[in-house]
$ cat protein34.txt   # compact mmCIF, C-alpha atoms and all ligand atoms
# COMPACT_ATOMS: atom_id res chain seq x y z
CA MET A 1472 33.58 -49.38 84.86
CA ARG A 1473 32.06 -50.35 88.19
CA LEU A 1474 32.76 -47.68 90.81
CA GLY A 1475 32.19 -48.44 94.47
CA ARG A 1476 33.13 -47.45 97.98
CA ILE A 1477 34.47 -49.94 100.46
CA ALA A 1478 35.46 -50.40 104.06
CA SER A 1479 38.64 -52.46 104.27
CA PRO A 1480 40.95 -53.18 107.22
CA ASP A 1481 42.95 -50.21 105.90
CA GLY A 1482 40.05 -47.73 105.90
CA VAL A 1483 37.40 -46.37 103.55
CA ALA A 1484 38.15 -45.87 99.85
CA PHE A 1485 36.59 -45.38 96.48
CA VAL A 1486 37.39 -48.35 94.23
CA ALA A 1487 36.94 -49.72 90.76
CA ILE A 1488 35.53 -53.25 90.89
CA GLU A 1489 36.81 -55.64 88.27
CA GLY A 1490 35.89 -59.24 87.59
CA ASP A 1491 33.00 -61.29 88.92
CA GLY A 1492 32.33 -63.80 91.65
CA ASP A 1493 35.26 -65.11 93.69
CA SER A 1494 37.82 -63.45 91.42
CA ALA A 1495 36.38 -59.92 91.74
CA VAL A 1496 38.86 -57.33 93.00
CA ALA A 1497 38.49 -53.79 94.30
CA ARG A 1498 41.25 -51.44 93.06
CA GLU A 1499 41.73 -48.35 95.20
CA ILE A 1500 41.14 -44.98 93.52
CA ALA A 1501 43.18 -42.01 94.66
CA GLU A 1502 40.93 -39.29 96.11
CA HIS A 1503 37.60 -39.39 94.25
CA PRO A 1504 35.99 -41.23 91.33
CA PHE A 1505 35.05 -38.20 89.21
CA GLY A 1506 36.77 -37.54 85.91
CA THR A 1507 39.41 -40.07 84.93
CA PRO A 1508 40.32 -41.93 88.14
CA THR A 1509 43.91 -42.60 89.09
CA PHE A 1510 44.77 -45.71 91.08
CA THR A 1511 46.97 -46.07 94.14
CA GLY A 1512 48.12 -49.58 93.27
CA ARG A 1513 46.46 -51.13 96.33
CA GLN A 1514 43.73 -53.68 95.78
CA TRP A 1515 41.68 -56.20 97.73
CA SER A 1516 39.65 -59.24 96.90
CA LEU A 1517 36.04 -58.03 96.88
CA SER A 1518 35.17 -60.82 99.30
CA ASP A 1519 37.60 -59.36 101.87
CA VAL A 1520 35.98 -55.91 102.01
CA ARG A 1521 32.53 -54.49 102.76
CA LEU A 1522 30.70 -52.51 100.10
CA LEU A 1523 29.37 -49.17 101.36
CA ALA A 1524 26.88 -46.87 99.66
CA PRO A 1525 28.79 -46.19 96.44
CA ILE A 1526 28.71 -42.39 96.61
CA LEU A 1527 28.52 -39.47 99.04
CA ALA A 1528 25.60 -37.31 97.89
CA SER A 1529 24.87 -33.73 98.86
CA LYS A 1530 21.23 -34.45 98.02
CA VAL A 1531 18.96 -37.18 96.71
CA VAL A 1532 16.30 -35.86 94.33
CA CYS A 1533 13.43 -38.22 93.54
CA ILE A 1534 10.71 -38.41 90.90
CA GLY A 1535 7.22 -39.41 92.00
CA LYS A 1536 4.76 -41.33 89.80
CA ASN A 1537 7.05 -41.80 86.81
CA TYR A 1538 5.57 -45.12 85.62
CA GLU A 1539 1.91 -45.04 84.47
CA ALA A 1540 1.11 -48.39 86.09
CA HIS A 1541 2.44 -47.17 89.45
CA ALA A 1542 0.52 -43.89 89.18
CA ALA A 1543 -2.60 -45.99 88.53
CA GLU A 1544 -2.06 -48.16 91.61
CA MET A 1545 -1.70 -44.94 93.62
CA GLY A 1546 -5.11 -43.89 92.32
CA GLY A 1547 -4.36 -41.47 89.49
CA ALA A 1548 -2.46 -40.73 86.32
CA ALA A 1549 1.18 -39.74 85.99
CA PRO A 1550 1.47 -35.93 86.08
CA ASP A 1551 2.40 -34.14 82.84
CA ASP A 1552 5.42 -32.50 84.47
CA PRO A 1553 7.73 -34.45 86.80
CA VAL A 1554 6.87 -34.18 90.48
CA ILE A 1555 10.03 -34.09 92.57
CA PHE A 1556 10.91 -34.42 96.23
CA ILE A 1557 14.13 -34.73 98.22
CA LYS A 1558 15.34 -37.42 100.58
CA PRO A 1559 18.00 -36.21 103.04
CA ASN A 1560 21.47 -37.60 102.43
CA THR A 1561 21.36 -39.01 105.95
CA SER A 1562 18.79 -41.54 104.70
CA ILE A 1563 21.44 -43.24 102.54
CA ILE A 1564 22.73 -46.68 103.51
CA GLY A 1565 24.76 -49.27 101.63
CA PRO A 1566 24.19 -52.89 100.70
CA ARG A 1567 23.35 -55.33 103.52
CA VAL A 1568 22.72 -52.53 106.03
CA PRO A 1569 19.33 -52.99 107.74
CA ILE A 1570 16.36 -50.82 106.77
CA MET A 1571 14.94 -49.71 110.12
CA ARG A 1572 11.15 -49.46 110.38
CA PRO A 1573 10.22 -46.60 112.72
CA PRO A 1574 7.87 -47.58 115.56
CA ASN A 1575 5.32 -44.89 114.60
CA SER A 1576 4.63 -46.29 111.13
CA SER A 1577 2.28 -49.17 110.43
CA ARG A 1578 3.40 -49.66 106.84
CA VAL A 1579 6.90 -49.29 105.40
CA ASP A 1580 7.12 -50.04 101.66
CA TYR A 1581 9.89 -50.90 99.23
CA GLU A 1582 10.16 -48.95 95.95
CA GLY A 1583 12.79 -50.37 93.58
CA GLU A 1584 14.27 -47.68 91.33
CA LEU A 1585 17.02 -46.92 88.83
CA ALA A 1586 19.26 -44.16 90.23
CA ILE A 1587 21.30 -41.60 88.30
CA VAL A 1588 24.62 -40.44 89.81
CA ILE A 1589 25.77 -36.96 88.76
CA GLY A 1590 29.42 -36.59 87.77
CA ARG A 1591 30.09 -32.85 87.68
CA PRO A 1592 28.59 -29.55 88.82
CA CYS A 1593 25.84 -28.56 86.42
CA LYS A 1594 22.84 -26.28 85.92
CA ASP A 1595 20.33 -25.92 83.08
CA VAL A 1596 21.36 -29.10 81.30
CA ALA A 1597 19.47 -29.86 78.08
CA ALA A 1598 18.07 -33.39 77.88
CA ALA A 1599 20.29 -34.13 74.90
CA ASP A 1600 23.38 -33.23 76.97
CA ALA A 1601 22.44 -35.21 80.10
CA ALA A 1602 24.95 -37.99 79.47
CA SER A 1603 27.79 -35.47 79.76
CA VAL A 1604 26.95 -34.72 83.41
CA ILE A 1605 26.16 -38.29 84.49
CA LEU A 1606 28.84 -40.36 86.22
CA GLY A 1607 26.80 -43.55 86.00
CA TYR A 1608 23.87 -45.48 87.40
CA THR A 1609 23.16 -47.44 90.54
CA VAL A 1610 20.24 -49.23 92.17
CA ALA A 1611 18.04 -47.59 94.82
CA ASN A 1612 15.21 -48.46 97.16
CA ASP A 1613 12.99 -45.43 97.85
CA VAL A 1614 11.76 -46.75 101.20
CA THR A 1615 8.51 -45.06 102.19
CA ALA A 1616 6.36 -44.95 105.34
CA ARG A 1617 3.20 -45.23 103.26
CA ASP A 1618 0.79 -44.41 106.08
CA GLN A 1619 2.66 -41.20 106.90
CA GLN A 1620 2.89 -40.24 103.21
CA GLN A 1621 -0.89 -40.43 103.02
CA VAL A 1622 -1.64 -38.38 106.13
CA ASP A 1623 1.08 -35.71 105.89
CA GLY A 1624 0.21 -34.14 102.54
CA GLN A 1625 3.91 -33.85 101.73
CA TRP A 1626 6.52 -36.56 101.89
CA THR A 1627 9.52 -35.36 103.86
CA ARG A 1628 8.78 -37.45 106.94
CA ALA A 1629 7.56 -40.53 105.06
CA LYS A 1630 10.60 -40.64 102.78
CA GLY A 1631 13.25 -39.13 105.05
CA TYR A 1632 13.92 -41.53 107.89
CA ASP A 1633 17.48 -42.71 108.43
CA THR A 1634 18.08 -45.91 106.39
CA PHE A 1635 15.25 -45.10 103.92
CA CYS A 1636 17.59 -44.73 100.91
CA PRO A 1637 19.59 -47.91 100.27
CA LEU A 1638 21.99 -47.43 97.34
CA GLY A 1639 24.34 -49.84 95.59
CA PRO A 1640 25.97 -52.21 95.14
CA TRP A 1641 28.08 -49.97 92.87
CA ILE A 1642 27.88 -47.40 90.06
CA GLU A 1643 27.99 -48.69 86.51
CA THR A 1644 29.47 -46.02 84.24
CA GLU A 1645 29.05 -47.82 80.91
CA LEU A 1646 25.31 -48.27 80.63
CA ASP A 1647 22.46 -47.34 78.29
CA PRO A 1648 19.60 -46.71 80.76
CA SER A 1649 16.86 -46.51 78.15
CA ASP A 1650 15.33 -50.00 78.48
CA LEU A 1651 16.63 -52.05 81.43
CA GLN A 1652 14.68 -54.63 83.39
CA ILE A 1653 14.03 -53.56 86.99
CA ARG A 1654 12.90 -56.13 89.57
CA THR A 1655 12.17 -56.08 93.29
CA GLU A 1656 12.00 -59.26 95.35
CA LEU A 1657 10.88 -59.69 98.95
CA ASP A 1658 12.24 -62.88 100.51
CA GLY A 1659 12.86 -64.11 96.97
CA VAL A 1660 9.29 -63.47 95.76
CA VAL A 1661 9.08 -61.12 92.78
CA LYS A 1662 7.00 -58.07 93.72
CA GLN A 1663 7.92 -55.52 91.03
CA GLN A 1664 9.05 -56.26 87.50
CA SER A 1665 9.13 -53.65 84.78
CA ARG A 1666 11.45 -51.91 82.35
CA THR A 1667 12.97 -48.45 82.39
CA GLY A 1668 11.65 -48.05 78.86
CA LEU A 1669 8.29 -47.42 80.55
CA LEU A 1670 9.52 -44.32 82.42
CA VAL A 1671 7.10 -41.45 81.68
CA HIS A 1672 9.98 -38.95 81.90
CA ASP A 1673 13.25 -40.53 80.79
CA VAL A 1674 16.74 -39.89 82.15
CA GLY A 1675 17.44 -36.94 79.86
CA ALA A 1676 14.12 -35.26 80.61
CA ILE A 1677 14.62 -35.76 84.35
CA VAL A 1678 18.10 -34.20 84.36
CA GLU A 1679 16.83 -31.26 82.30
CA TRP A 1680 13.85 -30.72 84.62
CA ILE A 1681 15.77 -30.92 87.90
CA SER A 1682 18.85 -28.98 86.75
CA ALA A 1683 16.58 -26.12 85.67
CA ILE A 1684 15.50 -25.88 89.32
CA MET A 1685 18.67 -26.53 91.29
CA THR A 1686 22.40 -26.87 90.77
CA LEU A 1687 23.47 -30.49 90.78
CA LEU A 1688 26.80 -31.42 92.35
CA PRO A 1689 29.15 -34.35 91.80
CA GLY A 1690 27.77 -37.35 93.64
CA ASP A 1691 24.19 -36.11 93.74
CA VAL A 1692 21.71 -38.92 93.19
CA ILE A 1693 18.43 -38.86 91.29
CA LEU A 1694 15.87 -41.63 91.87
CA THR A 1695 13.88 -42.07 88.68
CA GLY A 1696 10.64 -43.47 90.15
CA THR A 1697 9.25 -46.89 90.95
CA PRO A 1698 7.12 -49.20 88.80
CA GLU A 1699 3.92 -50.90 89.94
CA GLY A 1700 3.83 -53.55 92.63
CA ILE A 1701 4.71 -51.52 95.71
CA GLY A 1702 4.01 -53.17 99.04
CA PRO A 1703 5.00 -53.44 102.68
CA MET A 1704 8.06 -54.97 104.33
CA THR A 1705 8.12 -56.44 107.82
CA ALA A 1706 10.93 -57.13 110.25
CA GLY A 1707 12.91 -60.24 109.42
CA GLN A 1708 12.34 -59.96 105.68
CA GLU A 1709 15.02 -59.30 103.07
CA VAL A 1710 14.41 -56.97 100.12
CA SER A 1711 16.41 -57.00 96.90
CA VAL A 1712 16.28 -54.65 93.93
CA THR A 1713 17.95 -55.63 90.66
CA VAL A 1714 18.54 -53.41 87.65
CA GLU A 1715 19.76 -55.16 84.53
CA GLY A 1716 23.34 -54.24 83.70
CA ILE A 1717 24.10 -52.91 87.20
CA GLY A 1718 23.48 -55.53 89.86
CA THR A 1719 21.43 -56.37 92.93
CA LEU A 1720 20.99 -54.28 96.08
CA VAL A 1721 20.06 -56.39 99.11
CA ASN A 1722 18.95 -55.10 102.53
CA PRO A 1723 17.42 -56.82 105.56
CA VAL A 1724 14.50 -55.20 107.33
CA VAL A 1725 14.36 -54.68 111.09
CA ASP A 1726 12.16 -52.81 113.56
CA ARG A 1727 13.79 -49.84 115.24
CA SER A 1728 13.27 -50.04 118.97
MG MG B 1 9.85 -43.57 94.65

$ encode --input "protein34.txt" --output "C-alpha cells"
Amino acid sequence: MRLGRIASPDGVAFVAIEGDGDSAVAREIAEHPFGTPTFTGRQWSLSDVRLLAPILASKVVCIGKNYEAHAAEMGGAAPDDPVIFIKPNTSIIGPRVPIMRPPNSSRVDYEGELAIVIGRPCKDVAAADAASVILGYTVANDVTARDQQQVDGQWTRAKGYDTFCPLGPWIETELDPSDLQIRTELDGVVKQQSRTGLLVHDVGAIVEWISAIMTLLPGDVILTGTPEGIGPMTAGQEVSVTVEGIGTLVNPVVDRS
C-alpha cells in the first residue's frame, strides 16, 4: 500500500494512494495510518490534491557514511559501527516544496537516501525483528550545508536548517529494501546512482543499532545514508531522488533571502 498525506480543499488527511497516472486516487484514512487503516469513504483524484510530507515524525535519525564509495569520496572508510545524527523534525518538507539555501552557506548539497518509517513504539529491536516495527519506506534528501559540516565538527547546523529534509512522495509498505536502485538527478542529469544492496549497515542492523540507543515512535524516520556522487545545488535548479519500488521525490532549490 502507498500511504501519503495530502492537502485537499477539505483539509489535511492521511490517505492511501491507489492507481497510477491520471487515474490515481487518494482514499482518506480515518485518524492515522498505523496498524490496519480504516477509510472514511471520501476520496479525491490525486491530481486534485497536493502531496505533503507523508508522515509526521517526532525525530529523524540519520546514518552517516553508510556506503563505502561515499565514505571514500569524503576521504575515509566507512566506520565499523554506524555513526548517527539527528535532523530536527522542523527540517521536513514535502514534494515540490522549495529547498531554501541559507545565505551563510556557500555550498548546499543533495544526498539521495532510502528512508525507513517506523510503525510502532519500539526499543531494543533485534535486526531479525526489524520488519515488525517498520511501517514502510519513503524517499529522502539529506540536504547538507557542506561548508558548515566541515567547519563545525558536528553536524547539527549543517543538516538542521528548515527545508533540509525533503520526504516523499509517499510511504510504500510492501517493499523488500535489500537491493533497490537509488538515483539522484539535478536538472535531469544523473548525479548519484547506486543500490541499497551496497549499504554497509542494512535496514535490520540500523534499526537494531538505533533502537538500542533511543525509543523509536510511530512516524519516526531513519535516513539510511547516501551513496557516492554528492554535490552542490544552486538556486533555480530542481533535484529529484528516485528509489526503485517507491517513487520520485522532486524539489526546487531557491536562495533564502
Ligand atoms: Mg546523509

$ residues_around --input "protein34.txt" --residues "range 1573-1575 of chain A" --least-positions-apart "4" --cutoff "9 Å" --atoms "all atoms listed in the file" --output "ChimeraX atom specification"
/A:1579,1616,1619,1632,1726-1728

$ closest_residue --input "protein34.txt" --among "A:Ser1518, A:Ser1562, A:Ser1649, A:Thr1667" --to "Thr1627 in chain A" --atoms "only C-alpha atoms"
A:Ser1562

$ closest_residue --input "protein34.txt" --among "A:Glu1584, A:Glu1715, A:Asp1595, A:Asp1650" --to "ligand MG 1 (chain B)" --atoms "all atoms listed in the file"
A:Glu1584

$ atom_distance --input "protein34.txt" --atom1 "CA of Gly1583 in chain A" --atom2 "CA of Ala1611 in chain A"
6.1 Å

$ atom_distance --input "protein34.txt" --atom1 "CA of Glu1699 in chain A" --atom2 "CA of Cys1533 in chain A"
16.3 Å

$ closest_residue --input "protein34.txt" --among "A:Glu1709, A:Asp1491, A:Asp1633, A:Asp1691" --to "Met1571 in chain A" --atoms "all atoms listed in the file"
A:Asp1633

$ residues_near_ligand --input "protein34.txt" --ligand "ligand MG 1 (chain B)" --cutoff "6 Å" --atoms "only C-alpha atoms and all ligand atoms" --output "JSON, numbers by chain"
{"A": [1535, 1582, 1613, 1696, 1697]}

$ closest_atom_pairs --input "protein34.txt" --of "range 1587-1627 of chain A" --to "range 1493-1506 of chain A" --cutoff "12 Å" --atoms "all atoms listed in the file" --output "CSV"
residue,atom,partner,partner_atom,distance
A:Val1588,CA,A:Phe1505,CA,10.7
A:Ile1589,CA,A:Phe1505,CA,9.4
A:Gly1590,CA,A:Phe1505,CA,6.0
A:Arg1591,CA,A:Phe1505,CA,7.5
A:Pro1592,CA,A:Phe1505,CA,10.8
A:Ser1603,CA,A:Gly1506,CA,11.1
A:Val1604,CA,A:Gly1506,CA,10.5
A:Ile1605,CA,A:Phe1505,CA,10.1
A:Leu1606,CA,A:Phe1505,CA,7.2
A:Gly1607,CA,A:Phe1505,CA,10.3
